[in-house]
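K.L.:
Structure file final.txt, compact mmCIF, C-alpha atoms, is pasted below:
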# COMPACT_ATOMS: atom_id res chain seq x y z
CA MET S 1049 0.00 0.00 0.00
CA THR S 1050 2.88 2.40 0.78
CA PHE S 1051 4.23 2.04 -2.75
CA LEU S 1052 0.77 2.64 -4.20
CA ILE S 1053 0.37 5.83 -2.17
CA LEU S 1054 3.81 6.98 -3.39
CA ILE S 1055 2.67 6.39 -6.97
CA PHE S 1056 -0.48 8.43 -6.37
CA GLY S 1057 1.65 11.25 -4.96
CA PHE S 1058 3.99 11.06 -7.96
CA LEU S 1059 1.03 11.26 -10.37
CA PHE S 1060 -0.43 14.14 -8.37
CA GLY S 1061 2.83 16.05 -8.71
CA ALA S 1062 3.08 15.24 -12.41
CA ILE S 1063 -0.43 16.55 -13.06
CA LEU S 1064 0.30 19.78 -11.20
CA GLN S 1065 3.53 20.28 -13.11
CA SER S 1066 1.84 19.72 -16.48
CA ALA S 1067 -0.02 23.02 -16.07
CA LYS S 1068 2.49 24.68 -13.70
CA LEU S 1069 -0.15 24.64 -10.96
CA ASN S 1070 2.55 24.20 -8.33
CA LYS S 1071 4.55 27.27 -9.36
CA TYR S 1072 4.86 30.37 -7.20
CA ASN S 1073 4.29 32.62 -10.20
CA THR S 1074 1.08 30.79 -11.12
CA ILE S 1075 -0.52 30.88 -7.67
CA SER S 1076 0.61 34.41 -6.79
CA GLY S 1077 -0.55 35.40 -10.28
CA MET S 1078 -4.04 34.26 -9.32
CA ALA S 1079 -3.81 36.42 -6.19
CA ARG S 1080 -2.96 39.39 -8.43
CA LEU S 1081 -5.70 38.48 -10.95
CA GLU S 1082 -2.99 38.12 -13.57
CA ASP S 1083 -3.22 34.36 -14.06
CA PHE S 1084 -6.40 32.26 -13.89
CA THR S 1085 -4.74 28.85 -14.39
CA VAL S 1086 -5.42 27.70 -10.81
CA ALA S 1087 -9.07 28.75 -10.86
CA LYS S 1088 -9.64 27.12 -14.26
CA ALA S 1089 -8.03 23.81 -13.32
CA ILE S 1090 -9.89 23.63 -9.99
CA ALA S 1091 -13.22 24.42 -11.67
CA VAL S 1092 -12.67 21.62 -14.20
CA ALA S 1093 -11.50 19.17 -11.51
CA VAL S 1094 -14.57 19.89 -9.39
CA GLY S 1095 -17.00 19.86 -12.32
CA VAL S 1096 -15.75 16.72 -14.06
CA GLY S 1097 -15.01 15.04 -10.72
CA ALA S 1098 -18.53 15.67 -9.40
CA ILE S 1099 -20.05 13.83 -12.35
CA LEU S 1100 -17.58 10.92 -12.28
CA LEU S 1101 -17.67 10.52 -8.51
CA SER S 1102 -21.47 10.57 -8.34
CA ILE S 1103 -21.63 7.75 -10.88
CA GLU S 1104 -18.88 5.87 -9.03
CA ILE S 1105 -20.65 6.12 -5.68
CA GLY S 1106 -24.03 5.37 -7.26
CA LEU S 1107 -22.62 2.09 -8.61
CA GLY S 1108 -21.38 1.21 -5.14
CA TYR S 1109 -17.66 1.48 -5.87
CA ALA S 1110 -16.95 4.36 -3.48
CA SER S 1111 -18.46 6.17 -0.50
CA TRP S 1112 -18.95 9.73 0.69
CA HIS S 1113 -16.32 11.60 2.71
CA VAL S 1114 -18.08 14.92 3.31
CA LYS S 1115 -16.45 17.31 5.79
CA PRO S 1116 -18.67 18.84 8.50
CA MET S 1117 -19.94 22.40 8.23
CA LEU S 1118 -18.12 24.04 11.16
CA LEU S 1119 -19.32 27.48 10.19
CA ALA S 1120 -16.80 29.75 11.94
CA GLY S 1121 -13.92 27.39 11.25
CA ILE S 1122 -14.78 27.26 7.54
CA ALA S 1123 -15.21 31.03 7.21
CA VAL S 1124 -12.33 32.30 9.33
CA GLY S 1125 -10.06 29.40 8.42
CA GLY S 1126 -10.77 29.92 4.72
CA LEU S 1127 -9.87 33.62 4.87
CA ILE S 1128 -6.66 32.91 6.80
CA PHE S 1129 -5.75 30.07 4.44
CA GLY S 1130 -6.29 32.28 1.39
CA ALA S 1131 -4.18 35.05 2.88
CA GLY S 1132 -1.31 32.66 3.62
CA MET S 1133 -1.59 31.10 0.19
CA ALA S 1134 -1.34 34.52 -1.49
CA ILE S 1135 1.77 35.52 0.47
CA LEU S 1136 3.46 32.13 0.20
CA GLY S 1137 2.48 31.43 -3.40
CA TYR S 1138 1.87 27.76 -2.69
CA CYS S 1139 -0.69 25.54 -0.97
CA PRO S 1140 0.06 22.50 1.24
CA GLY S 1141 -0.06 20.09 -1.69
CA THR S 1142 2.02 22.15 -4.14
CA LEU S 1143 4.83 22.95 -1.68
CA PRO S 1144 6.49 19.50 -1.88
CA VAL S 1145 6.29 19.45 -5.69
CA SER S 1146 8.06 22.81 -5.97
CA LEU S 1147 10.59 21.75 -3.35
CA GLY S 1148 11.43 18.81 -5.61
CA GLU S 1149 12.02 21.27 -8.42
CA GLY S 1150 14.50 23.20 -6.27
CA SER S 1151 12.39 26.07 -4.90
CA MET S 1152 13.87 26.99 -1.52
CA ASP S 1153 11.00 29.29 -0.63
CA ALA S 1154 8.82 26.16 -0.77
CA LEU S 1155 11.11 24.57 1.81
CA VAL S 1156 10.75 27.64 4.03
CA GLY S 1157 6.98 27.47 3.55
CA ILE S 1158 6.98 23.81 4.61
CA ILE S 1159 8.93 24.69 7.75
CA GLY S 1160 6.45 27.51 8.44
CA GLY S 1161 3.57 25.09 7.88
CA ILE S 1162 5.03 22.54 10.28
CA ALA S 1163 5.48 25.29 12.88
CA GLY S 1164 1.88 26.37 12.29
CA GLY S 1165 0.75 22.78 12.74
CA ILE S 1166 2.55 22.53 16.09
CA VAL S 1167 1.02 25.79 17.29
CA TYR S 1168 -2.43 24.65 16.18
CA THR S 1169 -2.05 21.48 18.24
CA LEU S 1170 -1.33 23.69 21.25
CA ILE S 1171 -4.28 26.04 20.75
CA GLN S 1172 -6.80 23.53 19.37
CA PRO S 1173 -8.36 22.58 22.73
CA SER S 1174 -8.97 26.27 23.50
CA ILE S 1175 -10.50 27.27 20.17
CA GLN S 1176 -12.38 24.10 19.19
CA GLY S 1177 -15.60 25.34 20.75
CA MET S 1178 -15.38 28.58 18.77
CA LEU S 1179 -15.20 26.87 15.36
CA GLY S 1180 -18.90 26.01 15.26
CA PRO S 1181 -21.76 25.84 15.05
CA ASP S 1182 -21.50 22.38 13.51
CA LEU S 1183 -24.31 22.17 10.96
CA GLY S 1184 -23.44 18.61 9.97
CA ASN S 1185 -22.20 16.89 6.82
CA ILE S 1186 -24.31 18.75 4.29
CA SER S 1187 -24.08 17.98 0.58
CA LEU S 1188 -26.28 17.93 -2.49
CA ASN S 1189 -26.78 14.20 -1.93
CA SER S 1190 -27.90 14.66 1.67
CA ALA S 1191 -30.23 17.48 0.64
CA VAL S 1192 -32.08 15.80 -2.23
CA GLY S 1193 -31.12 12.14 -1.85
CA GLY S 1194 -30.42 9.88 -4.80
CA GLY S 1195 -32.60 9.45 -7.84
CA ALA S 1196 -33.00 11.22 -11.15
CA LEU S 1197 -33.20 14.74 -9.68
CA TYR S 1198 -29.87 14.34 -7.93
CA TYR S 1199 -28.05 13.21 -11.07
CA ILE S 1200 -29.63 15.96 -13.15
CA LEU S 1201 -28.44 18.57 -10.66
CA VAL S 1202 -24.96 17.00 -10.56
CA PHE S 1203 -24.65 17.20 -14.34
CA VAL S 1204 -25.88 20.81 -14.33
CA PHE S 1205 -23.37 21.67 -11.60
CA GLY S 1206 -20.54 19.89 -13.41
CA LEU S 1207 -21.25 21.57 -16.72
CA ALA S 1208 -21.55 24.95 -15.00
CA MET S 1209 -18.11 24.58 -13.41
CA VAL S 1210 -16.51 23.61 -16.72
CA THR S 1211 -18.28 26.53 -18.43
CA ILE S 1212 -16.86 28.92 -15.83
CA ALA S 1213 -13.38 27.57 -16.56
CA PHE S 1214 -13.73 28.18 -20.29
CA PHE S 1215 -15.17 31.65 -19.62
CA LEU S 1216 -12.08 32.54 -17.58
CA ASN S 1217 -9.90 31.15 -20.36
CA LYS S 1218 -11.71 33.34 -22.87
CA ILE S 1219 -10.90 36.39 -20.73
CA GLU S 1220 -7.23 35.37 -20.65
CA ARG S 1221 -7.15 34.53 -24.37
CA LYS S 1222 -4.63 31.75 -23.84
CA LYS S 1223 -4.30 28.98 -26.40
CA SER S 1224 -2.80 26.33 -24.11
CA LEU S 1225 -5.28 23.81 -22.72
CA ASN S 1226 -2.90 22.29 -20.17
CA TRP S 1227 -5.15 23.58 -17.38
CA LEU S 1228 -8.03 21.56 -18.86
CA TYR S 1229 -6.03 18.34 -19.03
CA ALA S 1230 -4.68 18.93 -15.51
CA GLY S 1231 -8.18 19.50 -14.15
CA ILE S 1232 -9.45 16.29 -15.74
CA GLY S 1233 -6.37 14.46 -14.45
CA LEU S 1234 -6.98 15.65 -10.89
CA ALA S 1235 -10.62 14.58 -11.13
CA VAL S 1236 -9.73 11.08 -12.36
CA LEU S 1237 -6.94 10.65 -9.78
CA ASN S 1238 -9.30 11.67 -6.98
CA CYS S 1239 -11.93 9.21 -8.19
CA ILE S 1240 -9.35 6.40 -8.16
CA VAL S 1241 -8.27 7.27 -4.60
CA PHE S 1242 -11.94 7.41 -3.54
CA LEU S 1243 -12.50 3.79 -4.62
CA THR S 1244 -13.36 1.51 -1.71
CA ALA S 1245 -11.13 -1.19 -3.17
CA VAL S 1246 -8.17 1.21 -3.38
CA THR S 1247 -7.87 3.60 -0.40
CA ASN S 1248 -11.46 4.66 0.39
CA ARG S 1249 -10.43 8.22 1.30
CA VAL S 1250 -9.87 11.66 -0.20
CA ILE S 1251 -6.63 13.18 -1.41
CA GLY S 1252 -5.37 15.61 1.21
CA ALA S 1253 -2.18 17.34 2.37
CA SER S 1254 -2.57 19.67 5.35
CA THR S 1255 -2.98 17.04 8.09
CA SER S 1256 0.57 15.84 7.46
CA TYR S 1257 2.02 19.15 8.71
CA PRO S 1258 0.79 19.04 12.34
CA TYR S 1259 1.32 15.28 12.37
CA LEU S 1260 4.96 15.62 11.32
CA GLY S 1261 5.59 18.63 13.56
CA ASP S 1262 4.11 16.99 16.64
CA PHE S 1263 5.95 13.74 15.92
CA LEU S 1264 9.33 15.48 15.53
CA THR S 1265 8.89 17.51 18.71
CA GLY S 1266 7.51 14.60 20.71
CA PHE S 1267 4.26 16.47 21.35
CA THR S 1268 2.19 13.34 20.85
CA ASP S 1269 0.40 12.84 24.15
CA ASN S 1270 -2.77 14.70 23.19
CA GLU S 1271 -6.08 13.99 21.49
CA TYR S 1272 -5.43 16.18 18.46
CA PHE S 1273 -2.22 14.35 17.51
CA ALA S 1274 -4.04 11.03 17.88
CA SER S 1275 -6.69 12.29 15.45
CA THR S 1276 -4.04 13.14 12.84
CA VAL S 1277 -2.06 9.89 12.85
CA LYS S 1278 -4.03 7.93 10.24
CA SER S 1279 -4.51 10.75 7.72
CA GLY S 1280 -1.17 12.35 8.52
CA THR S 1281 0.76 9.16 7.81
CA TRP S 1282 -1.06 8.60 4.51
CA GLU S 1283 -0.55 12.20 3.41
CA LEU S 1284 3.12 12.23 4.38
CA ILE S 1285 3.78 9.25 2.10
CA PHE S 1286 1.63 10.83 -0.62
CA LEU S 1287 3.56 14.11 -0.44
CA GLY S 1288 6.80 12.16 -0.47
CA GLY S 1289 5.73 10.92 -3.90
CA ALA S 1290 4.98 14.52 -4.90
CA VAL S 1291 8.53 15.59 -3.94
CA LEU S 1292 9.97 12.76 -6.04
CA SER S 1293 7.75 13.80 -8.93
CA GLY S 1294 9.04 17.37 -8.78
CA LEU S 1295 12.65 16.21 -8.62
CA VAL S 1296 12.53 13.46 -11.25
CA LEU S 1297 10.47 15.33 -13.83
CA SER S 1298 12.40 18.60 -13.46
CA LEU S 1299 15.64 16.67 -14.00
CA ILE S 1300 14.15 15.02 -17.08
CA ARG S 1301 12.98 18.41 -18.37
CA LYS S 1302 16.41 19.84 -17.45
CA ASP S 1303 14.84 22.78 -15.59
CA PHE S 1304 15.73 21.80 -12.03
CA LYS S 1305 16.95 24.99 -10.35
CA ILE S 1306 17.84 25.95 -6.80
CA GLN S 1307 15.89 29.18 -6.42
CA LEU S 1308 14.59 31.30 -3.56
CA ILE S 1309 13.16 34.33 -5.34
CA HIS S 1310 10.87 33.99 -8.34
CA SER S 1311 10.14 36.64 -10.96
CA GLY S 1312 6.58 37.12 -9.72
CA TRP S 1313 7.94 38.05 -6.29
CA SER S 1314 10.87 40.23 -7.39
CA LYS S 1315 8.80 42.46 -9.64
CA THR S 1316 6.88 43.86 -6.67
CA GLU S 1317 8.79 42.84 -3.54
CA GLY S 1318 12.41 43.12 -4.64
CA LYS S 1319 15.23 40.59 -4.47
CA SER S 1320 16.03 40.51 -0.75
CA PRO S 1321 16.54 36.86 0.30
CA LEU S 1322 15.74 37.75 3.92
CA LYS S 1323 12.43 39.37 3.02
CA ARG S 1324 11.33 36.44 0.91
CA THR S 1325 12.39 33.96 3.60
CA ILE S 1326 10.46 35.78 6.33
CA TRP S 1327 7.29 36.12 4.29
CA ALA S 1328 7.45 32.53 3.01
CA PHE S 1329 7.62 31.32 6.62
CA VAL S 1330 4.77 33.62 7.69
CA GLY S 1331 2.65 32.55 4.71
CA GLY S 1332 3.17 28.85 5.43
CA PHE S 1333 2.51 29.35 9.13
CA ILE S 1334 -0.82 31.14 8.82
CA MET S 1335 -1.93 29.02 5.87
CA LEU S 1336 -1.68 25.85 7.97
CA ILE S 1337 -3.48 27.47 10.90
CA GLY S 1338 -6.33 28.30 8.53
CA ALA S 1339 -6.32 24.83 6.99
CA ARG S 1340 -6.61 23.11 10.34
CA MET S 1341 -9.35 25.48 11.53
CA ALA S 1342 -11.38 24.60 8.44
CA GLY S 1343 -10.45 20.92 8.47
CA GLY S 1344 -8.72 20.78 5.09
CA CYS S 1345 -6.91 22.56 2.27
CA THR S 1346 -7.10 23.08 -1.48
CA SER S 1347 -6.78 19.39 -2.37
CA GLY S 1348 -8.65 17.81 0.54
CA HIS S 1349 -11.39 20.42 0.91
CA VAL S 1350 -11.84 22.53 -2.23
CA ILE S 1351 -11.27 19.80 -4.84
CA SER S 1352 -12.19 16.54 -3.07
CA GLY S 1353 -15.05 18.21 -1.18
CA GLY S 1354 -16.16 20.21 -4.20
CA MET S 1355 -16.41 16.97 -6.19
CA GLN S 1356 -18.87 15.77 -3.54
CA ILE S 1357 -20.75 19.07 -3.84
CA ALA S 1358 -20.32 19.44 -0.09
CA ALA S 1359 -21.61 22.71 1.38
CA SER S 1360 -18.62 23.05 3.73
CA SER S 1361 -16.13 22.67 0.88
CA LEU S 1362 -17.90 25.02 -1.50
CA LEU S 1363 -18.13 27.66 1.24
CA PHE S 1364 -14.49 27.10 2.19
CA GLY S 1365 -13.48 27.58 -1.45
CA ALA S 1366 -15.36 30.88 -1.60
CA PHE S 1367 -13.63 32.19 1.53
CA VAL S 1368 -10.23 30.93 0.35
CA PHE S 1369 -10.49 32.83 -2.92
CA SER S 1370 -11.77 35.90 -1.08
CA GLY S 1371 -8.77 35.82 1.27
CA LEU S 1372 -6.44 35.11 -1.65
CA LEU S 1373 -7.66 38.01 -3.79
CA PHE S 1374 -7.97 40.51 -0.94
CA THR S 1375 -4.45 39.76 0.27
CA GLY S 1376 -3.06 39.80 -3.25
CA LYS S 1377 -4.53 43.24 -3.86
CA PHE S 1378 -2.99 44.82 -0.77
CA PHE S 1379 0.18 42.76 -0.33
CA TYR S 1380 1.55 43.04 -3.88
CA ARG S 1381 1.10 46.78 -4.28
CA LYS S 1382 4.30 47.95 -5.98
CA GLY S 1383 4.39 48.42 -9.72
Go ahead and render the structure in this file as structure tokens.
P.N.:
Amino acid sequence: MTFLILIFGFLFGAILQSAKLNKYNTISGMARLEDFTVAKAIAVAVGVGAILLSIEIGLGYASWHVKPMLLAGIAVGGLIFGAGMAILGYCPGTLPVSLGEGSMDALVGIIGGIAGGIVYTLIQPSIQGMLGPDLGNISLNSAVGGGALYYILVFVFGLAMVTIAFFLNKIERKKSLNWLYAGIGLAVLNCIVFLTAVTNRVIGASTSYPYLGDFLTGFTDNEYFASTVKSGTWELIFLGGAVLSGLVLSLIRKDFKIQLIHSGWSKTEGKSPLKRTIWAFVGGFIMLIGARMAGGCTSGHVISGGMQIAASSLLFGAFVFSGLLFTGKFFYRKG
């Protein structure tokens, strides 16, 4: 099973690299409203994935993994996550891929994320009661049940998401369709991971950060760490495959490069290594705090949850993009 999880992580990294979804310039470009690649790929992944996954579950090959609607946690956590993602230029799942390609700011972001995970373990007992109210595991399926109406609505939702992606592409006027192929690839990979006969879970990344941080510091005698062990172990292996993917494929492409400052950063923030290091750490730190408050990240919440048309995940996605765009507008102000 470990080898299979590594393969899934490698494929995940390869899909992200195919459309440069893991790149700092791509994600920060979304925060600046200069690059819609991330939004387009996610919309396609959610739209196509919702249709495929509904059929898969309807046939009895997979089951639901809807995250609960912890209203304050989703809203506040989503805004914090989006802010950290804008500053860092990565999300928990793309960090390891870019590290494999030689991006040192991704390494700093990982360290910041691990630190954020440790801090969240410390504060979690105090803030857990403030993350509610818990409105339950709400999704389109739970709202309307199965049957013809459900599948009609799923197809309408899926087509609407894909239409939004093509609309954004029309605004950008880009000829490349790599974002489309990447979105479909993410949808298919998620559906494979969902299969009961395979792993019977969602693709995720953020739980591995507090799990690893608590394990390394020996802060394991607490309920929160115990709750992260199963998912954290799986995700750590998965992200290990993503690191290998970034390394191997960048070497094959001959574009592996040790790099701290990317062009998207330097054009507004300058070329100070210290400044980039500080902000990469801060971005990773707050991003992981937000992820754990909301119970997931871009891959485990926005994409995997969006494919299930889960209310918590759709709301989280809205707050993430709000935090991302708001922070991008005011953080990257020069030029």
K.L.:
Please indicate the distance in Å from CA of Ala1154 in chain S to CA of Leu1295 in chain S, rounded to one decimal place.
P.N.:
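It comes out at 13.2 Å.
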K.L.:
Need to verify the contact set: Ser1279 in chain S, 9 Å, only C-alpha atoms, exclusion of same-chain residues closer than 5 positions in sequence. Can you return it as a ChimeraX atom specification?
P.N.:
/S:1252-1253,1255-1256,1259,1284
K.L.:
Write the residues you've just listed into a file as a CSV table (one decimal), in the coordinates of the input, and include C-alpha atoms for each of them.
P.N.:
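File written: part12.csv
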chain,number,residue,atom,x,y,z
S,1252,GLY,CA,-5.4,15.6,1.2
S,1253,ALA,CA,-2.2,17.3,2.4
S,1255,THR,CA,-3.0,17.0,8.1
S,1256,SER,CA,0.6,15.8,7.5
S,1259,TYR,CA,1.3,15.3,12.4
S,1284,LEU,CA,3.1,12.2,4.4
K.L.:
Determine the nearest neighbour of Ile1186 in chain S from the options S:Lys1278, S:Arg1340, S:His1113, S:Lys1323, counting only C-alpha atoms.
P.N.:
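Smallest separation from Ile1186 in chain S among the options: S:His1113.
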K.L.:
Can you write out as a tab-separated table which residues of range 1280-1382 of chain S fall within 10 Å of range 1107-1112 of chain S, alongside each residue's closest atom pair and its distance in Å to one decimal, counting all atoms listed in the file and ordering rows by chain and ascending residue number?
P.N.:
residue	atom	partner	partner_atom	distance
S:Gly1353	CA	S:Trp1112	CA	9.5
S:Gln1356	CA	S:Trp1112	CA	7.4
S:Ala1358	CA	S:Trp1112	CA	9.8
K.L.:
If you count all atoms listed in the file, which residues fall within 12 Å of Gly1126 in chain S, apart from same-chain ones fewer than 6 positions away, as an MDAnalysis selection string?
P.N.:
chainID S and resid 1118:1120 1132:1133 1179 1334:1346 1349:1350 1360:1372
K.L.:
Please report the interatomic distance between CA of Gly1376 in chain S and CA of Leu1127 in chain S in Å with one decimal.
P.N.:
12.3 Å
K.L.:
When you draw a straight line from CA of Leu1322 in chain S to CA of Leu1170 in chain S, how long is it in Å?
P.N.:
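Calculated distance between CA of Leu1322 in chain S and CA of Leu1170 in chain S is 28.1 Å.
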K.L.:
If you count all atoms listed in the file, which residues fall within 10 Å of Trp1313 in chain S, apart from same-chain ones fewer than 5 positions away, as an NGL selection string?
P.N.:
:S and (1072-1073 or 1076-1077 or 1135-1137 or 1308 or 1318-1319 or 1324 or 1380)
K.L.:
Please identify all polymer residues lying at most 10 Å from the point (-3.2, 23.5, 16.1) (file coordinates), using all atoms listed in the file, and present the result as a CSV table (one decimal) with C-alpha atoms, in the coordinates of the input.
P.N.:
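Contents of the output file selection_35.csv:
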chain,number,residue,atom,x,y,z
S,1163,ALA,CA,5.5,25.3,12.9
S,1164,GLY,CA,1.9,26.4,12.3
S,1165,GLY,CA,0.8,22.8,12.7
S,1166,ILE,CA,2.6,22.5,16.1
S,1167,VAL,CA,1.0,25.8,17.3
S,1168,TYR,CA,-2.4,24.6,16.2
S,1169,THR,CA,-2.0,21.5,18.2
S,1170,LEU,CA,-1.3,23.7,21.2
S,1171,ILE,CA,-4.3,26.0,20.8
S,1172,GLN,CA,-6.8,23.5,19.4
S,1173,PRO,CA,-8.4,22.6,22.7
S,1174,SER,CA,-9.0,26.3,23.5
S,1175,ILE,CA,-10.5,27.3,20.2
S,1176,GLN,CA,-12.4,24.1,19.2
S,1258,PRO,CA,0.8,19.0,12.3
S,1262,ASP,CA,4.1,17.0,16.6
S,1272,TYR,CA,-5.4,16.2,18.5
S,1273,PHE,CA,-2.2,14.4,17.5
S,1336,LEU,CA,-1.7,25.8,8.0
S,1337,ILE,CA,-3.5,27.5,10.9
S,1338,GLY,CA,-6.3,28.3,8.5
S,1339,ALA,CA,-6.3,24.8,7.0
S,1340,ARG,CA,-6.6,23.1,10.3
S,1341,MET,CA,-9.4,25.5,11.5
K.L.:
With distances taken over all atoms listed in the file, which of S:Val1246, S:Ile1162, S:Ile1105, S:Ala1196 is nearest to Leu1264 in chain S?
P.N.:
S:Ile1162
K.L.:
Neighbouring residues of Leu1054 in chain S were defined as those with any atom within 10 Å, considering only C-alpha atoms; residues of the same chain fewer than 3 positions away were excluded. Please report them as an NGL selection string.
P.N.:
:S and (1049-1051 or 1057-1060 or 1282-1293)
K.L.:
Would you mind exporting the chosen residues as a tab-separated table (two decimals), keeping the file's coordinate frame, restricted to C-alpha atoms?
P.N.:
chain	number	residue	atom	x	y	z
S	1049	MET	CA	0.00	0.00	0.00
S	1050	THR	CA	2.88	2.40	0.78
S	1051	PHE	CA	4.23	2.04	-2.75
S	1057	GLY	CA	1.65	11.25	-4.96
S	1058	PHE	CA	3.99	11.06	-7.96
S	1059	LEU	CA	1.03	11.26	-10.37
S	1060	PHE	CA	-0.43	14.14	-8.37
S	1282	TRP	CA	-1.06	8.60	4.51
S	1283	GLU	CA	-0.55	12.20	3.41
S	1284	LEU	CA	3.12	12.23	4.38
S	1285	ILE	CA	3.78	9.25	2.10
S	1286	PHE	CA	1.63	10.83	-0.62
S	1287	LEU	CA	3.56	14.11	-0.44
S	1288	GLY	CA	6.80	12.16	-0.47
S	1289	GLY	CA	5.73	10.92	-3.90
S	1290	ALA	CA	4.98	14.52	-4.90
S	1291	VAL	CA	8.53	15.59	-3.94
S	1292	LEU	CA	9.97	12.76	-6.04
S	1293	SER	CA	7.75	13.80	-8.93
K.L.:
Considering only C-alpha atoms, state which residue in the set S:Ile1309, S:Ile1357, S:Ile1063, S:Leu1299 is at the smallest distance from Leu1234 in chain S.
P.N.:
S:Ile1063
K.L.:
Looking at S:Met1117, S:Leu1297, S:Val1236, S:Ile1075, which one is nearest to Asn1185 in chain S, with distances taken over only C-alpha atoms?
P.N.:
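Answer, going by the shortest atom-to-atom distance: S:Met1117.
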K.L.:
At a cut-off of 9 Å, using all atoms listed in the file, what residues contact Phe1084 in chain S? Leave out same-chain residues fewer than 5 positions from it and give the result as a list of chain:residue names.
P.N.:
S:Thr1074, S:Ile1075, S:Gly1077, S:Met1078, S:Ala1089, S:Ala1213, S:Leu1216, S:Asn1217, S:Glu1220
K.L.:
Using all atoms listed in the file, pick whichever of S:Ala1131, S:Met1178, S:Ala1098, S:Leu1069 has the shortest atom-to-atom distance to Thr1085 in chain S.
P.N.:
S:Leu1069
K.L.:
Calculated over all atoms listed in the file, which of the candidates S:Thr1247, S:Ser1102, S:Val1092, S:Lys1302 has the smallest distance to Gly1193 in chain S?
P.N.:
S:Ser1102
K.L.:
Starting from the sparse input, extend range 1184-1197 of chain S to N, CA, C and O atoms and give the output as a CSV table (one decimal), in the coordinates of the input.
P.N.:
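That gives us result22.csv:
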chain,number,residue,atom,x,y,z
S,1184,GLY,N,-23.4,20.0,10.5
S,1184,GLY,CA,-23.4,18.6,10.0
S,1184,GLY,C,-22.8,18.5,8.6
S,1184,GLY,O,-22.2,19.4,8.0
S,1185,ASN,N,-22.8,17.2,8.1
S,1185,ASN,CA,-22.2,16.9,6.8
S,1185,ASN,C,-23.2,17.1,5.7
S,1185,ASN,O,-23.9,16.2,5.2
S,1186,ILE,N,-23.3,18.4,5.3
S,1186,ILE,CA,-24.3,18.8,4.3
S,1186,ILE,C,-23.7,18.7,2.9
S,1186,ILE,O,-22.6,19.1,2.6
S,1187,SER,N,-24.5,18.1,2.0
S,1187,SER,CA,-24.1,18.0,0.6
S,1187,SER,C,-25.3,17.9,-0.3
S,1187,SER,O,-26.4,17.8,0.2
S,1188,LEU,N,-25.1,18.0,-1.6
S,1188,LEU,CA,-26.3,17.9,-2.5
S,1188,LEU,C,-27.0,16.6,-2.3
S,1188,LEU,O,-28.2,16.5,-2.3
S,1189,ASN,N,-26.2,15.5,-2.1
S,1189,ASN,CA,-26.8,14.2,-1.9
S,1189,ASN,C,-27.6,14.1,-0.7
S,1189,ASN,O,-28.7,13.6,-0.7
S,1190,SER,N,-27.1,14.7,0.4
S,1190,SER,CA,-27.9,14.7,1.7
S,1190,SER,C,-29.1,15.5,1.6
S,1190,SER,O,-30.1,15.3,2.3
S,1191,ALA,N,-29.1,16.6,0.7
S,1191,ALA,CA,-30.2,17.5,0.6
S,1191,ALA,C,-31.4,16.9,-0.2
S,1191,ALA,O,-32.5,17.1,0.1
S,1192,VAL,N,-31.0,16.3,-1.3
S,1192,VAL,CA,-32.1,15.8,-2.2
S,1192,VAL,C,-32.2,14.3,-2.3
S,1192,VAL,O,-33.1,13.7,-2.9
S,1193,GLY,N,-31.1,13.6,-1.7
S,1193,GLY,CA,-31.1,12.1,-1.8
S,1193,GLY,C,-30.7,11.7,-3.2
S,1193,GLY,O,-30.4,12.5,-4.1
S,1194,GLY,N,-30.8,10.4,-3.5
S,1194,GLY,CA,-30.4,9.9,-4.8
S,1194,GLY,C,-31.6,10.1,-5.8
S,1194,GLY,O,-32.4,10.9,-5.6
S,1195,GLY,N,-31.5,9.4,-6.9
S,1195,GLY,CA,-32.6,9.4,-7.8
S,1195,GLY,C,-32.3,10.4,-9.0
S,1195,GLY,O,-31.2,11.0,-9.1
S,1196,ALA,N,-33.2,10.5,-9.9
S,1196,ALA,CA,-33.0,11.2,-11.2
S,1196,ALA,C,-32.7,12.7,-10.9
S,1196,ALA,O,-31.8,13.3,-11.5
S,1197,LEU,N,-33.4,13.3,-9.9
S,1197,LEU,CA,-33.2,14.7,-9.7
S,1197,LEU,C,-31.8,15.0,-9.3
S,1197,LEU,O,-31.1,16.0,-9.7
